[in-house]
$ cat upload25.cif   # mmCIF, C-alpha atoms
data_entry
loop_
_atom_site.label_atom_id
_atom_site.label_comp_id
_atom_site.auth_asym_id
_atom_site.auth_seq_id
_atom_site.Cartn_x
_atom_site.Cartn_y
_atom_site.Cartn_z
CA MET M 97 149.96 359.39 41.99
CA VAL M 98 151.87 356.17 42.88
CA SER M 99 155.55 356.40 42.24
CA SER M 100 157.24 353.99 39.81
CA ASN M 101 159.34 352.42 42.58
CA VAL M 102 156.27 351.39 44.56
CA LEU M 103 154.66 349.99 41.39
CA GLY M 104 157.71 347.77 40.72
CA VAL M 105 157.64 346.37 44.24
CA VAL M 106 153.95 345.48 43.90
CA ILE M 107 154.59 343.64 40.60
CA MET M 108 157.46 341.67 42.11
CA LEU M 109 155.32 340.57 45.03
CA ALA M 110 152.51 339.52 42.76
CA ASP M 111 154.77 337.54 40.33
CA PRO M 112 158.29 336.63 41.48
CA SER M 113 159.24 335.61 37.93
CA ALA M 114 158.69 339.14 36.84
CA GLU M 115 161.90 340.17 38.57
CA ALA M 116 163.92 339.39 35.47
CA THR M 117 161.51 341.12 33.10
CA ALA M 118 160.18 344.05 35.17
CA PRO M 119 161.63 347.30 34.04
CA ALA M 120 163.99 348.97 36.43
CA VAL M 121 163.39 352.59 37.22
CA ALA M 122 166.19 354.99 37.77
CA THR M 123 166.11 357.53 40.54
CA ASP M 124 165.41 360.28 38.09
CA GLY M 125 162.22 358.52 36.89
CA ALA M 126 163.62 357.13 33.54
CA ALA M 127 163.04 353.46 32.80
CA ILE M 128 166.09 351.23 32.54
CA GLU M 129 165.89 348.11 30.33
CA PRO M 130 166.59 345.01 32.47
CA GLU M 131 169.40 342.69 31.49
CA VAL M 132 168.24 339.35 30.03
CA THR M 133 169.78 336.46 31.90
CA THR M 134 169.84 332.99 30.25
CA VAL M 135 169.34 330.21 32.77
CA THR M 136 171.06 326.91 31.83
CA THR M 137 169.32 323.84 33.15
CA VAL M 138 171.63 320.97 34.19
CA GLU M 139 170.00 317.55 34.15
CA ILE M 140 171.32 315.25 36.82
CA VAL M 141 171.45 311.62 35.65
CA ALA M 142 171.29 309.05 38.39
CA PRO M 143 173.96 306.29 38.10
CA ALA M 144 172.75 302.89 36.92
CA PRO M 145 172.24 300.40 39.72
CA VAL M 146 175.01 297.83 40.10
CA PRO M 147 173.61 294.27 39.96
CA ASP M 148 174.28 292.04 42.91
CA TYR M 149 175.52 289.17 40.59
CA VAL M 150 177.95 289.80 37.80
CA PRO M 151 178.01 286.84 35.34
CA GLU M 152 181.41 285.44 34.53
CA PRO M 153 182.60 285.94 30.97
CA GLU M 154 182.16 282.97 28.64
CA PRO M 155 185.35 280.96 28.18
CA VAL M 156 187.16 281.54 24.94
CA PRO M 157 187.26 278.29 22.91
CA GLU M 158 190.72 276.90 22.44
CA PRO M 159 191.94 276.61 18.86
CA GLU M 160 191.61 273.16 17.36
CA PRO M 161 194.90 271.31 17.23
CA GLU M 162 196.47 270.85 13.85
CA ASP M 163 196.70 267.43 12.29
CA ALA M 164 199.20 265.31 14.11
CA PRO M 165 202.34 264.66 12.12
CA PRO M 166 202.67 261.17 10.72
CA ASN M 167 204.20 258.61 13.01
CA THR M 168 207.96 258.59 12.51
CA LYS M 169 208.69 255.43 14.51
CA TRP M 170 208.46 251.84 13.39
CA ARG M 171 205.91 249.80 15.31
CA GLY M 172 205.61 246.07 14.88
CA GLY M 173 203.73 242.94 15.74
CA PRO M 174 202.78 239.50 14.44
CA TYR M 175 200.63 239.02 11.35
CA PHE M 176 198.78 236.17 9.67
CA THR M 177 197.86 235.88 5.97
CA MET M 178 195.59 233.46 4.11
CA GLY M 179 195.28 233.35 0.34
CA VAL M 180 193.96 231.52 -2.66
CA ALA M 181 195.24 231.85 -6.22
CA PRO M 182 194.12 230.34 -9.51
CA MET M 183 197.32 229.42 -11.33
CA ALA M 184 198.83 227.88 -14.42
CA THR M 185 202.25 226.19 -14.49
CA MET M 186 204.03 226.17 -17.87
CA SER M 187 207.06 224.19 -18.92
CA ILE M 188 209.68 225.34 -21.39
CA HIS M 189 208.00 223.13 -23.99
CA GLY M 190 204.78 225.14 -23.79
CA ALA M 191 202.71 222.68 -21.78
CA ALA M 192 200.34 224.39 -19.30
CA HIS M 193 198.86 222.81 -16.19
CA PRO M 194 196.08 224.81 -14.47
CA GLY M 195 195.34 224.51 -10.80
CA ILE M 196 194.76 226.34 -7.52
CA ARG M 197 197.33 227.32 -4.93
CA TYR M 198 196.49 227.87 -1.23
CA ASP M 199 198.78 230.04 0.91
CA MET M 200 199.27 230.51 4.63
CA GLU M 201 201.83 233.07 5.75
CA THR M 202 202.84 234.28 9.20
CA GLY M 203 205.62 236.32 10.73
CA LEU M 204 206.33 239.84 11.96
CA ALA M 205 205.18 243.14 10.49
CA TRP M 206 206.27 246.73 11.03
CA LYS M 207 204.54 249.95 10.09
CA ARG M 208 205.61 253.57 9.89
CA GLY M 209 202.98 256.02 8.73
CA ARG M 210 201.41 254.44 5.66
CA VAL M 211 204.33 252.13 4.94
CA ARG M 212 204.17 248.52 6.13
CA ALA M 213 206.70 245.72 5.87
CA TYR M 214 205.97 241.99 6.39
CA PHE M 215 208.59 239.27 6.82
CA GLY M 216 207.81 235.59 7.29
CA PRO M 217 207.54 232.11 5.75
CA ASP M 218 204.78 231.32 3.27
CA PHE M 219 203.52 227.72 3.25
CA HIS M 220 201.63 226.78 0.10
CA ILE M 221 199.71 223.82 -1.28
CA MET M 222 199.23 223.38 -5.06
CA GLN M 223 196.34 221.34 -6.38
CA TYR M 224 196.62 220.67 -10.14
CA PHE M 225 193.60 219.71 -12.17
CA GLY M 226 193.78 216.12 -13.43
CA ARG M 227 195.98 214.95 -10.53
CA LYS M 228 194.95 213.86 -7.07
CA LYS M 229 198.31 214.25 -5.33
CA PRO M 230 198.93 217.91 -4.38
CA GLY M 231 202.25 219.70 -4.37
CA PHE M 232 203.55 221.80 -1.52
CA GLY M 233 206.39 224.15 -0.64
CA VAL M 234 207.64 226.97 1.54
CA ASP M 235 209.11 230.37 0.69
CA ALA M 236 210.72 233.09 2.78
CA MET M 237 208.71 236.19 1.87
CA ALA M 238 209.08 239.95 2.21
CA THR M 239 206.07 242.14 1.44
CA PHE M 240 205.91 245.94 1.37
CA THR M 241 202.75 248.05 1.15
CA LEU M 242 202.40 251.78 0.54
CA ARG M 243 198.91 253.20 0.68
CA HIS M 244 196.99 251.18 -1.93
CA VAL M 245 199.76 249.20 -3.64
CA TYR M 246 202.03 246.37 -2.57
CA ALA M 247 205.03 244.40 -3.79
CA ARG M 248 206.34 241.05 -2.57
CA VAL M 249 209.39 238.92 -3.24
CA GLY M 250 210.50 235.55 -1.93
CA ALA M 251 212.61 232.45 -2.46
CA GLY M 252 212.24 228.84 -1.43
CA ALA M 253 211.61 225.25 -2.48
CA SER M 254 208.61 223.35 -3.83
CA MET M 255 207.69 219.76 -4.54
CA GLY M 256 205.03 218.50 -6.93
CA MET M 257 205.36 221.14 -9.67
CA PRO M 258 205.26 219.58 -13.16
CA ALA M 259 208.16 220.47 -15.45
CA SER M 260 206.98 218.71 -18.61
CA ALA M 261 203.82 217.91 -20.52
CA ASN M 262 203.09 215.13 -18.02
CA VAL M 263 201.40 216.59 -14.96
CA ASN M 264 202.75 213.72 -12.84
CA ASP M 265 206.38 214.32 -13.89
CA THR M 266 207.60 216.24 -10.83
CA ARG M 267 210.89 216.76 -9.03
CA PRO M 268 211.92 219.03 -6.15
CA MET M 269 212.42 222.61 -7.36
CA ILE M 270 214.03 225.73 -6.00
CA GLY M 271 213.46 229.28 -7.12
CA GLY M 272 211.62 232.44 -6.24
CA ILE M 273 208.45 234.45 -6.63
CA LEU M 274 207.78 238.09 -7.46
CA GLY M 275 204.43 239.86 -7.34
CA GLY M 276 202.44 243.01 -6.73
CA GLY M 277 198.98 244.50 -6.82
CA LEU M 278 196.41 246.56 -4.96
CA VAL M 279 195.73 246.85 -1.23
CA GLY M 280 192.64 247.78 0.77
CA ARG M 281 192.74 248.18 4.57
CA LEU M 282 190.17 248.49 7.34
CA ASN M 283 191.75 248.92 10.78
CA ASP M 284 193.97 245.84 11.26
CA VAL M 285 192.57 243.85 8.32
CA GLU M 286 194.17 244.15 4.90
CA GLY M 287 193.01 242.70 1.61
CA ARG M 288 195.26 242.23 -1.42
CA LEU M 289 194.53 241.48 -5.06
CA GLY M 290 197.44 241.02 -7.45
CA VAL M 291 199.51 238.89 -9.77
CA ASP M 292 202.53 236.70 -8.89
CA TYR M 293 205.17 235.23 -11.16
CA ASP M 294 206.88 232.05 -9.91
CA LEU M 295 210.08 230.74 -11.52
CA ARG M 296 211.73 227.50 -10.38
CA ALA M 297 214.11 224.83 -11.66
CA ASP M 298 214.54 221.18 -10.65
CA THR M 299 217.75 219.29 -10.03
CA SER M 300 218.08 218.35 -13.70
CA GLY M 301 217.81 221.96 -14.89
CA ARG M 302 214.24 221.87 -16.13
CA VAL M 303 212.42 225.17 -15.60
CA ALA M 304 208.78 225.67 -14.59
CA GLN M 305 207.03 229.01 -14.73
CA THR M 306 203.80 229.71 -12.87
CA VAL M 307 201.48 232.69 -13.16
CA LEU M 308 199.07 233.24 -10.27
CA LEU M 309 196.08 235.56 -9.78
CA THR M 310 196.35 236.09 -6.02
CA MET M 311 193.70 237.01 -3.47
CA ARG M 312 194.89 237.34 0.12
CA ILE M 313 193.66 238.67 3.45
CA THR M 314 196.07 239.73 6.22
CA PHE M 315 195.47 240.32 9.93
CA GLY M 316 198.03 242.43 11.76
CA PRO M 317 199.46 245.92 12.18
#
$ encode --input "upload25.cif" --output "C-alpha cells"
Amino acid sequence: MVSSNVLGVVIMLADPSAEATAPAVATDGAAIEPEVTTVTTVEIVAPAPVPDYVPEPEPVPEPEPEDAPPNTKWRGGPYFTMGVAPMATMSIHGAAHPGIRYDMETGLAWKRGRVRAYFGPDFHIMQYFGRKKPGFGVDAMATFTLRHVYARVGAGASMGMPASANVNDTRPMIGGILGGGLVGRLNDVEGRLGVDYDLRADTSGRVAQTVLLTMRITFGP
C-alpha cells in the first residue's frame, strides 16, 4: 500500500497547480485541509507614447475694444455752401413780391463730436418775378448743427428789396436773418432743408419782411 505522502508528491508532479488544492497529510496519517490563497492579478498598463510634435495652443482672441469715446477736441477747416430758396418779400402795407434767392456761403467750420459750427459771409442774389433787375446783398452768418437739426443767424445789408407795393421801389436795407431746419449728412457733404425769416429796414425806416424756404448743400468738415 502506497503511503499518502508519496501519493501527494505524484499528484504535484502531474499537476503543479494542484499544490494549492492538494490535501496535506499530517505525519500521523490525518488529512489537513489546505489554506486557500487568493492571487491578485496586477495589470501593468504601458504609458502612452509621447508624440514627436506637440501642437501649440490656439491663441486666445483679444476682447473687442469698446466704442471710442466721442471726440472732445474741436477740429476745423474751410467749408463751402450753395443754396436756393423760393421767397416772398412783404411790405408793412401787405404787398407781397415772390421770387427766388440764390446763396453762396464760405468760411471756416469746426466740429466736436456731432456738433458743428460754421462762420462766414453769405453772398445772395434775389430775383423777383416781374422785374428784370436782381437784388443782391451780403450777410455775416453763423450756423450751428446738432445731429439732424440746425439753426442759423446773421446780419448784413441788401440792395434791391422792394419795401412797397411797387416791386421797383427799392433802397439799400440793413437787417438780419434767422432760420432753422433739418440736416442730413454723408461723410463731408451736408444737406439742409429749412425756413428763414429775413427782416430789414431802409434808410427811410420802411420795413421789408421776407420768408424763405431754403435748400442748401454744404461741403466741409
$ closest_residue --input "upload25.cif" --among "M:Arg227, M:Lys169, M:Arg212, M:Ala181" --to "Gly290 in chain M" --atoms "only C-alpha atoms"
M:Ala181
$ closest_residue --input "upload25.cif" --among "M:Met269, M:Met186, M:Ile221, M:Val156" --to "Thr299 in chain M" --atoms "only C-alpha atoms"
M:Met269
$ closest_residue --input "upload25.cif" --among "M:Ala192, M:Ala236, M:Ala184, M:Asn264" --to "Tyr293 in chain M" --atoms "only C-alpha atoms"
M:Ala184
$ residues_around --input "upload25.cif" --residues "Gly179 in chain M" --least-positions-apart "2" --cutoff "9 Å" --atoms "only C-alpha atoms" --output "PDB file with C-alpha atoms, in the frame of the given file"
ATOM      1  CA  THR M 177     197.860 235.880   5.970  1.00  0.00           C
ATOM      2  CA  ALA M 181     195.240 231.850  -6.220  1.00  0.00           C
ATOM      3  CA  ARG M 197     197.330 227.320  -4.930  1.00  0.00           C
ATOM      4  CA  TYR M 198     196.490 227.870  -1.230  1.00  0.00           C
ATOM      5  CA  ASP M 199     198.780 230.040   0.910  1.00  0.00           C
ATOM      6  CA  MET M 200     199.270 230.510   4.630  1.00  0.00           C
ATOM      7  CA  GLU M 201     201.830 233.070   5.750  1.00  0.00           C
ATOM      8  CA  THR M 310     196.350 236.090  -6.020  1.00  0.00           C
ATOM      9  CA  MET M 311     193.700 237.010  -3.470  1.00  0.00           C
ATOM     10  CA  ARG M 312     194.890 237.340   0.120  1.00  0.00           C
ATOM     11  CA  ILE M 313     193.660 238.670   3.450  1.00  0.00           C
ATOM     12  CA  THR M 314     196.070 239.730   6.220  1.00  0.00           C
TER      13      THR M 314
END
$ atom_distance --input "upload25.cif" --atom1 "CA of Tyr246 in chain M" --atom2 "CA of Gly216 in chain M"
15.7 Å
$ residues_around --input "upload25.cif" --residues "Trp170 in chain M" --least-positions-apart "6" --cutoff "10 Å" --atoms "all atoms listed in the file" --output "PDB file with C-alpha atoms, in the coordinates of the input"
ATOM      1  CA  ALA M 205     205.180 243.140  10.490  1.00  0.00           C
ATOM      2  CA  TRP M 206     206.270 246.730  11.030  1.00  0.00           C
ATOM      3  CA  LYS M 207     204.540 249.950  10.090  1.00  0.00           C
ATOM      4  CA  ARG M 208     205.610 253.570   9.890  1.00  0.00           C
ATOM      5  CA  GLY M 209     202.980 256.020   8.730  1.00  0.00           C
ATOM      6  CA  VAL M 211     204.330 252.130   4.940  1.00  0.00           C
ATOM      7  CA  ARG M 212     204.170 248.520   6.130  1.00  0.00           C
ATOM      8  CA  ALA M 213     206.700 245.720   5.870  1.00  0.00           C
TER       9      ALA M 213
END
$ resolve_selection --input "upload25.cif" --expression "the PyMOL selection byres ((chain M and resi 249-260) around 9)" --output "JSON, numbers by chain"
{"M": [185, 186, 187, 188, 189, 190, 191, 192, 193, 217, 218, 220, 222, 224, 229, 230, 231, 232, 233, 234, 235, 236, 237, 238, 239, 247, 248, 261, 262, 263, 264, 265, 266, 267, 268, 269, 270, 271, 272, 273, 274, 275, 276, 296, 297, 298, 302, 303, 304, 305]}
$ residues_around --input "upload25.cif" --residues "Leu309 in chain M" --least-positions-apart "6" --cutoff "9 Å" --atoms "only C-alpha atoms" --output "PyMOL selection string"
chain M and resi 180-183+289-292
$ write_last_selection --input "upload25.cif" --atoms "C-alpha atoms" --output "compact mmCIF listing (two decimals), in the coordinates of the input"
# COMPACT_ATOMS: atom_id res chain seq x y z
CA VAL M 180 193.96 231.52 -2.66
CA ALA M 181 195.24 231.85 -6.22
CA PRO M 182 194.12 230.34 -9.51
CA MET M 183 197.32 229.42 -11.33
CA LEU M 289 194.53 241.48 -5.06
CA GLY M 290 197.44 241.02 -7.45
CA VAL M 291 199.51 238.89 -9.77
CA ASP M 292 202.53 236.70 -8.89
$ atom_distance --input "upload25.cif" --atom1 "CA of Leu278 in chain M" --atom2 "CA of His244 in chain M"
5.6 Å
$ atom_distance --input "upload25.cif" --atom1 "CA of Ile196 in chain M" --atom2 "CA of Glu286 in chain M"
21.7 Å
$ residues_around --input "upload25.cif" --residues "Phe225 in chain M" --least-positions-apart "3" --cutoff "8 Å" --atoms "all atoms listed in the file" --output "list in words"
His193, Pro194, Gly195 and Lys228 of chain M
